[in-house]
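Pasting structure02.pdb here (PDB, C-alpha atoms):
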ATOM      1  CA  MET A  27       0.000   0.000   0.000  1.00  0.00           C
ATOM      2  CA  GLU A  28       1.260   3.461  -0.807  1.00  0.00           C
ATOM      3  CA  PRO A  29       1.969   5.896   2.055  1.00  0.00           C
ATOM      4  CA  ALA A  30      -0.992   8.294   1.597  1.00  0.00           C
ATOM      5  CA  PRO A  31      -3.767   5.655   1.514  1.00  0.00           C
ATOM      6  CA  GLU A  32      -2.037   3.768   4.317  1.00  0.00           C
ATOM      7  CA  ARG A  33      -2.165   6.854   6.556  1.00  0.00           C
ATOM      8  CA  ARG A  34      -5.874   7.342   5.736  1.00  0.00           C
ATOM      9  CA  CYS A  35      -6.512   3.675   6.439  1.00  0.00           C
ATOM     10  CA  HIS A  36      -4.831   3.884   9.847  1.00  0.00           C
ATOM     11  CA  LEU A  37      -6.638   7.121  10.669  1.00  0.00           C
ATOM     12  CA  LEU A  38     -10.054   5.696   9.767  1.00  0.00           C
ATOM     13  CA  MET A  39      -9.428   2.512  11.752  1.00  0.00           C
ATOM     14  CA  GLY A  40      -8.168   4.506  14.737  1.00  0.00           C
ATOM     15  CA  VAL A  41     -11.155   6.851  14.805  1.00  0.00           C
ATOM     16  CA  SER A  42     -13.492   3.890  14.484  1.00  0.00           C
ATOM     17  CA  LEU A  43     -11.869   2.104  17.418  1.00  0.00           C
ATOM     18  CA  ILE A  44     -11.963   5.253  19.550  1.00  0.00           C
ATOM     19  CA  LEU A  45     -15.671   5.770  18.822  1.00  0.00           C
ATOM     20  CA  LEU A  46     -16.447   2.155  19.653  1.00  0.00           C
ATOM     21  CA  THR A  47     -14.382   2.252  22.840  1.00  0.00           C
ATOM     22  CA  VAL A  48     -16.016   5.450  24.075  1.00  0.00           C
ATOM     23  CA  GLY A  49     -19.531   4.367  23.113  1.00  0.00           C
ATOM     24  CA  ILE A  50     -19.306   0.881  24.593  1.00  0.00           C
ATOM     25  CA  GLY A  51     -17.430   2.084  27.677  1.00  0.00           C
ATOM     26  CA  TYR A  52     -20.016   4.763  28.404  1.00  0.00           C
ATOM     27  CA  PHE A  53     -22.787   2.211  27.867  1.00  0.00           C
ATOM     28  CA  VAL A  54     -21.222  -0.232  30.335  1.00  0.00           C
ATOM     29  CA  VAL A  55     -20.598   2.403  33.017  1.00  0.00           C
ATOM     30  CA  PHE A  56     -23.709   4.602  32.775  1.00  0.00           C
ATOM     31  CA  GLY A  57     -26.283   2.623  30.790  1.00  0.00           C
ATOM     32  CA  THR A  58     -27.583   3.226  27.317  1.00  0.00           C
ATOM     33  CA  THR A  59     -28.904   6.395  25.747  1.00  0.00           C
ATOM     34  CA  LEU A  60     -29.633   7.293  22.145  1.00  0.00           C
ATOM     35  CA  ALA A  61     -26.362   9.246  21.880  1.00  0.00           C
ATOM     36  CA  ASP A  62     -24.340   6.199  22.969  1.00  0.00           C
ATOM     37  CA  PHE A  63     -26.158   4.053  20.456  1.00  0.00           C
ATOM     38  CA  LEU A  64     -25.432   6.544  17.679  1.00  0.00           C
ATOM     39  CA  VAL A  65     -21.733   6.705  18.638  1.00  0.00           C
ATOM     40  CA  ILE A  66     -21.517   2.897  18.518  1.00  0.00           C
ATOM     41  CA  VAL A  67     -23.331   2.739  15.172  1.00  0.00           C
ATOM     42  CA  GLY A  68     -21.097   5.523  13.838  1.00  0.00           C
ATOM     43  CA  GLY A  69     -18.013   3.616  14.970  1.00  0.00           C
ATOM     44  CA  LEU A  70     -19.224   0.431  13.296  1.00  0.00           C
ATOM     45  CA  PHE A  71     -20.066   2.273  10.076  1.00  0.00           C
ATOM     46  CA  LEU A  72     -16.700   4.021  10.017  1.00  0.00           C
ATOM     47  CA  GLY A  73     -14.996   0.709  10.742  1.00  0.00           C
ATOM     48  CA  TRP A  74     -16.633  -0.920   7.709  1.00  0.00           C
ATOM     49  CA  VAL A  75     -15.735   2.056   5.528  1.00  0.00           C
ATOM     50  CA  ALA A  76     -12.138   1.823   6.757  1.00  0.00           C
ATOM     51  CA  PHE A  77     -12.042  -1.939   6.181  1.00  0.00           C
ATOM     52  CA  LEU A  78     -13.322  -1.613   2.615  1.00  0.00           C
ATOM     53  CA  PHE A  79     -11.008   1.340   1.907  1.00  0.00           C
ATOM     54  CA  CYS A  80      -7.990  -0.587   3.200  1.00  0.00           C
ATOM     55  CA  LEU A  81      -8.988  -3.702   1.297  1.00  0.00           C
ATOM     56  CA  GLY A  82      -9.491  -1.719  -1.898  1.00  0.00           C
ATOM     57  CA  ASN A  83      -6.066  -0.073  -1.627  1.00  0.00           C
ATOM     58  CA  ALA A  84      -4.160  -3.195  -0.640  1.00  0.00           C
ATOM     59  CA  SER A  85      -1.068  -3.915  -2.681  1.00  0.00           C
ATOM     60  CA  PHE A  86      -1.976  -7.539  -3.413  1.00  0.00           C
ATOM     61  CA  TRP A  87      -4.669  -6.379  -5.882  1.00  0.00           C
ATOM     62  CA  ARG A  88      -2.023  -4.956  -8.213  1.00  0.00           C
TER      63      ARG A  88
END
What does the file become when written as structure tokens?
Amino acid sequence: MEPAPERRCHLLMGVSLILLTVGIGYFVVFGTTLADFLVIVGGLFLGWVAFLFCLGNASFWR
């Protein structure tokens, strides 16, 4: 993978993991609210986008 897409891939995966960690952690400690649910769903969505982006830019396709 080239450097620019690799950085974007790592950034997307990192943001996704942070959103999931915060959303799930807040849910476990304080209980669920709509905002927590939306943060978790946003983290999952961003994680899938990151996964597909990384898979699409992988060097083994070339």
Selection under test: the PyMOL selection byres ((chain A and resi 39) around 9); residues as a tab-separated table (two decimals) with C-alpha atoms, keeping the file's coordinate frame:
chain	number	residue	atom	x	y	z
A	34	ARG	CA	-5.87	7.34	5.74
A	35	CYS	CA	-6.51	3.68	6.44
A	36	HIS	CA	-4.83	3.88	9.85
A	37	LEU	CA	-6.64	7.12	10.67
A	38	LEU	CA	-10.05	5.70	9.77
A	40	GLY	CA	-8.17	4.51	14.74
A	41	VAL	CA	-11.16	6.85	14.80
A	42	SER	CA	-13.49	3.89	14.48
A	43	LEU	CA	-11.87	2.10	17.42
A	44	ILE	CA	-11.96	5.25	19.55
A	72	LEU	CA	-16.70	4.02	10.02
A	73	GLY	CA	-15.00	0.71	10.74
A	74	TRP	CA	-16.63	-0.92	7.71
A	75	VAL	CA	-15.74	2.06	5.53
A	76	ALA	CA	-12.14	1.82	6.76
A	77	PHE	CA	-12.04	-1.94	6.18
**Prompt:** Expressed in Å to a single decimal, how great is the separation between CA of Ala30 (chain A) and CA of Ser85 (chain A)?
**Reply:**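 That distance, rounded to one decimal, is 12.9 Å.
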**Message:** Restricting the calculation to only C-alpha atoms: of A:Glu28, A:Arg33, A:Phe53, A:Thr47, which residue gets closest to Gly69 (chain A)?
**Reply:**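 The answer is A:Thr47, which sits nearest to Gly69 (chain A).
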**Prompt:** What is the CA of Glu32 (chain A) to CA of Phe63 (chain A) distance in Å?
**Reply:** 29.0 Å
**Prompt:** Which neighbours of Asp62 (chain A) fall inside 12 Å, counting all atoms listed in the file, when residues of the same chain fewer than 5 positions from it are skipped, and could you give them as a list of chain:residue names?
**Reply:** A:Leu45, A:Leu46, A:Thr47, A:Val48, A:Gly49, A:Ile50, A:Gly51, A:Tyr52, A:Phe53, A:Val54, A:Val55, A:Phe56, A:Gly57, A:Val67, A:Gly68, A:Gly69
**Request:** Tell me, in Å to one decimal, how far CA of Ala84 (chain A) is from CA of Ile66 (chain A).
**Result:** 26.6 Å
**Item:** Pick from A:Phe71, A:Cys80, A:Thr58, A:Leu64, whichever lies nearest to Pro29 (chain A) using all atoms listed in the file
**Value:** A:Cys80
